[in-house]
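File shown here: upload.cif, holding mmCIF, C-alpha atoms.
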data_data
loop_
_atom_site.label_atom_id
_atom_site.label_comp_id
_atom_site.auth_asym_id
_atom_site.auth_seq_id
_atom_site.Cartn_x
_atom_site.Cartn_y
_atom_site.Cartn_z
CA MET A 1 74.40 126.66 73.63
CA SER A 2 76.69 124.93 71.10
CA LYS A 3 75.97 121.38 70.01
CA ILE A 4 77.95 118.47 71.41
CA ASN A 5 80.32 117.05 68.79
CA VAL A 6 80.31 113.26 68.55
CA LEU A 7 82.67 110.86 66.79
CA VAL A 8 81.09 107.50 65.88
CA VAL A 9 83.34 104.44 65.65
CA GLU A 10 81.47 101.41 64.29
CA ASP A 11 82.60 98.89 61.66
CA GLU A 12 79.09 97.86 60.55
CA SER A 13 78.01 100.47 58.00
CA ILE A 14 74.26 100.09 58.56
CA VAL A 15 74.63 100.28 62.34
CA SER A 16 76.92 103.31 62.04
CA LYS A 17 74.43 105.18 59.86
CA ASP A 18 71.60 104.31 62.26
CA ILE A 19 73.60 105.67 65.22
CA GLN A 20 74.42 108.86 63.31
CA HIS A 21 70.78 109.32 62.41
CA SER A 22 69.74 108.90 66.05
CA LEU A 23 72.39 111.37 67.20
CA LYS A 24 71.22 114.03 64.75
CA LYS A 25 67.59 113.51 65.85
CA LEU A 26 68.72 114.06 69.45
CA GLY A 27 70.40 117.32 68.52
CA TYR A 28 74.05 116.23 68.48
CA ASN A 29 76.60 117.10 65.80
CA VAL A 30 78.35 114.12 64.19
CA VAL A 31 81.87 115.26 63.29
CA GLY A 32 82.98 111.98 61.77
CA ALA A 33 82.57 108.23 61.49
CA ALA A 34 85.27 105.58 61.53
CA ALA A 35 85.25 101.84 60.95
CA THR A 36 88.69 101.06 62.41
CA GLY A 37 90.63 101.95 65.53
CA GLU A 38 93.36 103.60 63.48
CA LYS A 39 90.86 105.85 61.67
CA ALA A 40 89.17 106.68 64.99
CA ILE A 41 92.45 107.97 66.41
CA GLU A 42 93.12 109.98 63.25
CA LEU A 43 89.68 111.63 63.37
CA ALA A 44 89.93 112.27 67.11
CA HIS A 45 93.13 114.23 66.52
CA SER A 46 91.78 116.19 63.55
CA GLU A 47 88.18 116.83 64.65
CA HIS A 48 88.59 117.09 68.44
CA PRO A 49 85.13 115.72 69.29
CA ASP A 50 83.53 116.29 72.69
CA ILE A 51 82.86 112.57 73.03
CA VAL A 52 83.51 109.29 71.19
CA LEU A 53 81.02 106.44 70.78
CA MET A 54 83.29 103.42 70.35
CA ASP A 55 82.35 99.90 69.30
CA ILE A 56 84.56 97.48 71.21
CA MET A 57 84.78 94.76 68.54
CA LEU A 58 86.32 96.45 65.49
CA LYS A 59 87.75 94.80 62.41
CA GLY A 60 91.46 95.19 61.80
CA ASP A 61 94.56 95.14 63.98
CA MET A 62 93.26 97.50 66.68
CA ASN A 63 90.10 96.91 68.70
CA GLY A 64 87.96 99.61 70.29
CA ILE A 65 89.49 99.22 73.73
CA GLU A 66 93.01 99.86 72.42
CA ALA A 67 91.85 102.84 70.35
CA ALA A 68 89.92 104.30 73.30
CA GLU A 69 92.95 103.98 75.55
CA LEU A 70 95.13 105.99 73.15
CA ILE A 71 92.45 108.65 72.60
CA LYS A 72 91.97 109.09 76.33
CA LYS A 73 95.71 109.21 77.00
CA ASP A 74 96.62 111.64 74.20
CA LEU A 75 93.53 113.87 74.01
CA PHE A 76 91.61 113.36 77.27
CA ILE A 77 88.36 112.85 75.33
CA PRO A 78 85.62 110.82 77.05
CA VAL A 79 84.68 107.50 75.45
CA ILE A 80 81.43 105.53 75.66
CA PHE A 81 81.66 101.90 74.58
CA LEU A 82 79.05 100.37 72.28
CA THR A 83 78.92 96.60 72.08
CA ALA A 84 76.70 93.61 71.51
CA TYR A 85 78.92 91.61 73.85
CA ALA A 86 78.29 91.86 77.57
CA ASP A 87 80.33 88.90 78.81
CA GLU A 88 82.59 89.26 81.84
CA SER A 89 85.78 88.94 79.81
CA THR A 90 84.84 91.90 77.58
CA LEU A 91 83.72 93.96 80.56
CA SER A 92 86.95 93.27 82.42
CA LYS A 93 89.07 94.44 79.49
CA ALA A 94 86.93 97.51 78.87
CA LYS A 95 86.71 98.76 82.46
CA VAL A 96 90.50 98.96 82.80
CA ILE A 97 90.59 102.21 80.81
CA GLU A 98 87.70 103.65 82.84
CA PRO A 99 85.20 104.50 80.06
CA TYR A 100 82.48 107.09 80.66
CA GLY A 101 79.71 104.68 79.74
CA TYR A 102 78.87 101.25 78.42
CA ILE A 103 75.83 100.73 76.15
CA ILE A 104 74.65 97.29 75.05
CA LYS A 105 73.42 97.02 71.45
CA PRO A 106 70.66 97.22 70.36
CA PHE A 107 69.82 100.31 72.40
CA LYS A 108 67.11 102.96 72.46
CA GLU A 109 67.66 106.64 71.69
CA ILE A 110 66.92 107.53 75.29
CA ASP A 111 69.81 105.28 76.40
CA LEU A 112 72.11 107.03 73.95
CA HIS A 113 71.00 110.48 75.09
CA THR A 114 71.28 109.69 78.81
CA SER A 115 74.73 108.12 78.48
CA ILE A 116 76.13 111.02 76.47
CA GLU A 117 74.75 113.71 78.78
CA MET A 118 76.05 111.93 81.90
CA ALA A 119 79.46 111.39 80.32
CA ILE A 120 79.76 115.04 79.22
CA TYR A 121 78.78 116.23 82.70
CA LYS A 122 81.24 113.88 84.42
CA HIS A 123 84.04 114.92 82.07
CA LYS A 124 83.32 118.61 82.66
CA LYS A 125 83.57 118.12 86.43
CA GLU A 126 86.81 116.19 86.07
CA LYS A 127 88.35 119.00 83.99
CA GLU A 128 87.26 121.56 86.59
CA GLN A 129 88.87 119.48 89.34
CA LEU A 130 92.09 119.12 87.35
CA LYS A 131 92.24 122.89 86.79
CA GLU A 132 91.72 123.48 90.50
CA ILE A 133 94.43 120.99 91.44
CA GLU A 134 96.85 122.50 88.90
CA TYR A 135 96.11 125.95 90.31
CA LEU A 136 96.71 124.82 93.88
CA TYR A 137 99.92 123.06 92.87
CA SER A 138 101.11 126.29 91.27
CA ILE A 139 100.45 128.08 94.55
CA VAL A 140 102.40 125.49 96.48
CA ASP A 141 105.30 125.31 94.03
CA ASN A 142 105.69 128.94 93.02
CA LYS A 143 104.87 131.08 96.03
CA GLU A 144 106.73 131.73 99.22
CA PRO A 145 105.69 129.46 102.12
CA SER A 146 102.60 130.81 103.87
CA LYS A 147 102.88 131.62 107.57
CA GLU A 148 99.20 130.85 108.09
CA PHE A 149 98.57 127.62 106.19
CA ILE A 150 100.08 124.98 103.94
CA PHE A 151 98.67 122.60 101.33
CA VAL A 152 99.41 118.91 101.80
CA LYS A 153 99.10 116.35 99.00
CA SER A 154 96.73 113.63 100.24
CA ASN A 155 94.91 110.99 98.14
CA SER A 156 95.39 112.82 94.82
CA LYS A 157 94.10 116.11 96.21
CA LEU A 158 95.50 119.08 98.13
CA VAL A 159 94.31 119.58 101.69
CA LYS A 160 94.63 122.98 103.36
CA ILE A 161 96.09 122.85 106.88
CA ASN A 162 96.22 125.78 109.27
CA CYS A 163 99.76 125.97 110.62
CA LYS A 164 98.39 126.77 114.09
CA ASP A 165 96.90 123.25 114.17
CA ILE A 166 100.27 121.54 113.61
CA TYR A 167 101.93 120.13 116.72
CA PHE A 168 105.00 118.41 115.33
CA ILE A 169 106.52 116.96 112.18
CA GLU A 170 108.35 113.65 112.27
CA ALA A 171 110.75 112.07 109.77
CA LEU A 172 109.94 108.55 108.60
CA LYS A 173 112.53 107.22 106.14
CA ASP A 174 111.74 108.91 102.79
CA TYR A 175 108.58 110.50 104.17
CA VAL A 176 107.57 113.02 106.80
CA VAL A 177 104.46 112.83 108.96
CA ILE A 178 102.69 116.11 109.76
CA ASN A 179 100.76 115.76 113.00
CA THR A 180 97.86 118.12 113.62
CA THR A 181 95.33 118.29 116.45
CA ASP A 182 93.47 115.19 115.24
CA THR A 183 95.01 114.05 111.93
CA ARG A 184 98.27 112.70 110.53
CA TYR A 185 99.38 113.50 106.98
CA THR A 186 102.18 111.46 105.40
CA VAL A 187 103.96 113.15 102.50
CA HIS A 188 106.99 112.28 100.39
CA SER A 189 109.56 114.90 101.37
CA THR A 190 112.68 115.57 103.42
CA MET A 191 112.99 117.29 106.78
CA LYS A 192 115.26 119.90 105.23
CA ASP A 193 112.65 120.80 102.62
CA ILE A 194 109.84 120.84 105.22
CA GLU A 195 111.95 123.00 107.55
CA THR A 196 112.46 125.52 104.75
CA LYS A 197 108.78 125.64 103.81
CA MET A 198 107.54 125.93 107.40
CA GLY A 199 109.97 128.75 108.23
CA THR A 200 111.71 129.42 111.55
CA GLU A 201 109.37 131.97 113.10
CA GLU A 202 106.80 129.52 114.46
CA PHE A 203 108.63 126.20 114.13
CA VAL A 204 111.93 124.90 115.44
CA ARG A 205 113.87 121.77 114.67
CA VAL A 206 114.73 120.01 117.92
CA HIS A 207 116.04 116.72 116.58
CA ARG A 208 117.15 115.36 113.22
CA SER A 209 113.77 113.58 113.09
CA PHE A 210 111.52 116.19 114.72
CA ILE A 211 110.26 119.72 114.09
CA VAL A 212 107.85 121.21 116.64
CA ARG A 213 105.69 124.28 116.81
CA LEU A 214 107.08 126.58 119.50
CA ASP A 215 103.76 127.58 121.03
CA LYS A 216 102.76 123.91 121.43
CA ILE A 217 105.64 123.13 123.81
CA ALA A 218 104.28 122.51 127.32
CA THR A 219 107.37 121.43 129.27
CA ILE A 220 111.06 120.84 128.68
CA GLU A 221 113.14 118.40 130.65
CA PHE A 222 116.27 117.64 128.71
CA PRO A 223 116.74 115.47 126.75
CA ASN A 224 112.98 115.59 126.00
CA LEU A 225 110.15 118.05 125.66
CA THR A 226 106.40 117.51 126.00
CA LEU A 227 103.74 119.00 123.77
CA GLU A 228 100.52 120.37 125.20
CA ASN A 229 97.16 118.62 124.84
CA ASN A 230 98.40 115.42 123.22
CA LYS A 231 101.24 115.08 125.79
CA LYS A 232 103.58 113.85 123.09
CA SER A 233 107.17 113.44 124.28
CA VAL A 234 109.73 114.55 121.71
CA PRO A 235 113.51 113.99 122.00
CA ILE A 236 115.89 116.96 121.85
CA GLY A 237 119.08 116.33 119.92
CA GLY A 238 122.31 117.62 121.45
CA SER A 239 123.22 119.68 118.38
CA TYR A 240 119.79 121.38 118.42
CA ARG A 241 119.67 122.25 122.14
CA ASP A 242 121.36 125.65 121.93
CA ASP A 243 119.15 126.76 119.05
CA LEU A 244 116.05 125.73 120.99
CA ASN A 245 117.19 127.65 124.07
CA SER A 246 117.79 130.75 121.99
CA ARG A 247 114.25 130.60 120.65
CA LEU A 248 112.57 130.33 124.06
CA ASN A 249 111.35 133.35 126.00
CA LEU A 250 113.24 132.49 129.19
CA ILE A 251 112.94 134.32 132.51
#

What's the structure tokens form of this structure?
Amino acid sequence: MSKINVLVVEDESIVSKDIQHSLKKLGYNVVGAAATGEKAIELAHSEHPDIVLMDIMLKGDMNGIEAAELIKKDLFIPVIFLTAYADESTLSKAKVIEPYGYIIKPFKEIDLHTSIEMAIYKHKKEKEQLKEIEYLYSIVDNKEPSKEFIFVKSNSKLVKINCKDIYFIEALKDYVVINTTDTRYTVHSTMKDIETKMGTEEFVRVHRSFIVRLDKIATIEFPNLTLENNKKSVPIGGSYRDDLNSRLNLI
């Protein structure tokens, strides 16, 4: 197993050397040391460390929080803050960029080891989740609409929905609400786009604001229809009536 590469950012030379010594004792590989935020960013780009140990209070024009924010944004490298200051003001500024750890100086080697291992593990899981989300987005964006299921964007993740569980879809200004047996999903889309993705084999548009699943229709009494189980009453628009009639298996 390859060693974890660490970048140390600390403006006190003695403290920096002590941290590097501890890291080497713990089995980590120190790829560089910086005393300023600017140098930290430069080394992060050139050395591509697995993790950065960043002192918050750095000398110069850029503090550790600002440097960490740019490193995270540009390179997606996890950062653990090192600081002798634990006041609420410092914590409030530091937590905004969502660091992977926060160690108060002076600290023990076991604290350093635990924080690094937890941060590396958390970062690994986050990368796996991002890859999975990107893969699912590629499925949604690049493939033909599935007749069996769809993926709905909900709370920064994609949720798989079986199309057989969908009762109706309703327009709501710039959004559409997908209603299933027991859940509602609100997504930013248009009825035209949803109609295209759902297809016309199982679903039919009955109103400018409503799409229903054909096999969920229980009764029709113009100008409304009722859906089975949830007894939802849906209006039928005049311009959609003929198309609905043509889709029904009438006797």

Of the listed residues A:Val176, A:Val234, A:Leu244, A:Ile41, that which approaches Leu214 of chain A most closely, counting only C-alpha atoms: A:Leu244

What's around Thr186 of chain A at 12 Å? Count all atoms listed in the file, leave out sequence neighbours fewer than 6 positions away in its own chain, and write the answer as a ChimeraX atom specification. /A:152-155,159,169-180

Report as number ranges by chain the full result of the PyMOL selection byres ((chain A and resi 243) around 12) when it is applied to this structure. A: 200, 203-207, 236-242, 244-248

Residue members of the PyMOL selection byres ((chain A and resi 104-119) around 10) in the file shown, as a ChimeraX atom specification: /A:4,6,15,19,22-23,25-28,50-53,55,78-86,99-103,120-125

Run the PyMOL selection byres ((chain A and resi 150) around 7) on the file and write out the hits as a PyMOL selection string. chain A and resi 146+149+151-152+160-163

Can you pull out every residue within 12 Å of Asp182 of chain A, counting only C-alpha atoms, but drop anything in the same chain fewer than 6 positions away, and send it as JSON, numbers by chain? {"A": [161, 165, 166, 167, 168, 229, 230]}

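Across the model, the gap from atom CA of Lys164 of chain A to atom CA of Glu195 of chain A is 15.5 Å.
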
Restricting to only C-alpha atoms, whichever of A:Leu158, A:Ala68, A:Lys197, A:Asp215 is closest to Tyr185 of chain A is A:Leu158

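As for atom CA of Ala44 of chain A and atom CA of Glu69 of chain A, they are spaced 12.2 Å apart.
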
Taking (91.1, 100.5, 83.0) in the file's coordinates, which residues come within 12 Å, counting only C-alpha atoms, written as a ChimeraX atom specification? /A:65-66,68-70,72-73,90-100

Between atom CA of Lys59 of chain A and atom CA of Gly37 of chain A, distance in Å (one decimal): 8.3 Å

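Shortest separation to Lys24 of chain A among A:Ala40, A:Ile133, A:Glu88, A:Asn5 occurs at residue A:Asn5, atoms counted being only C-alpha atoms.
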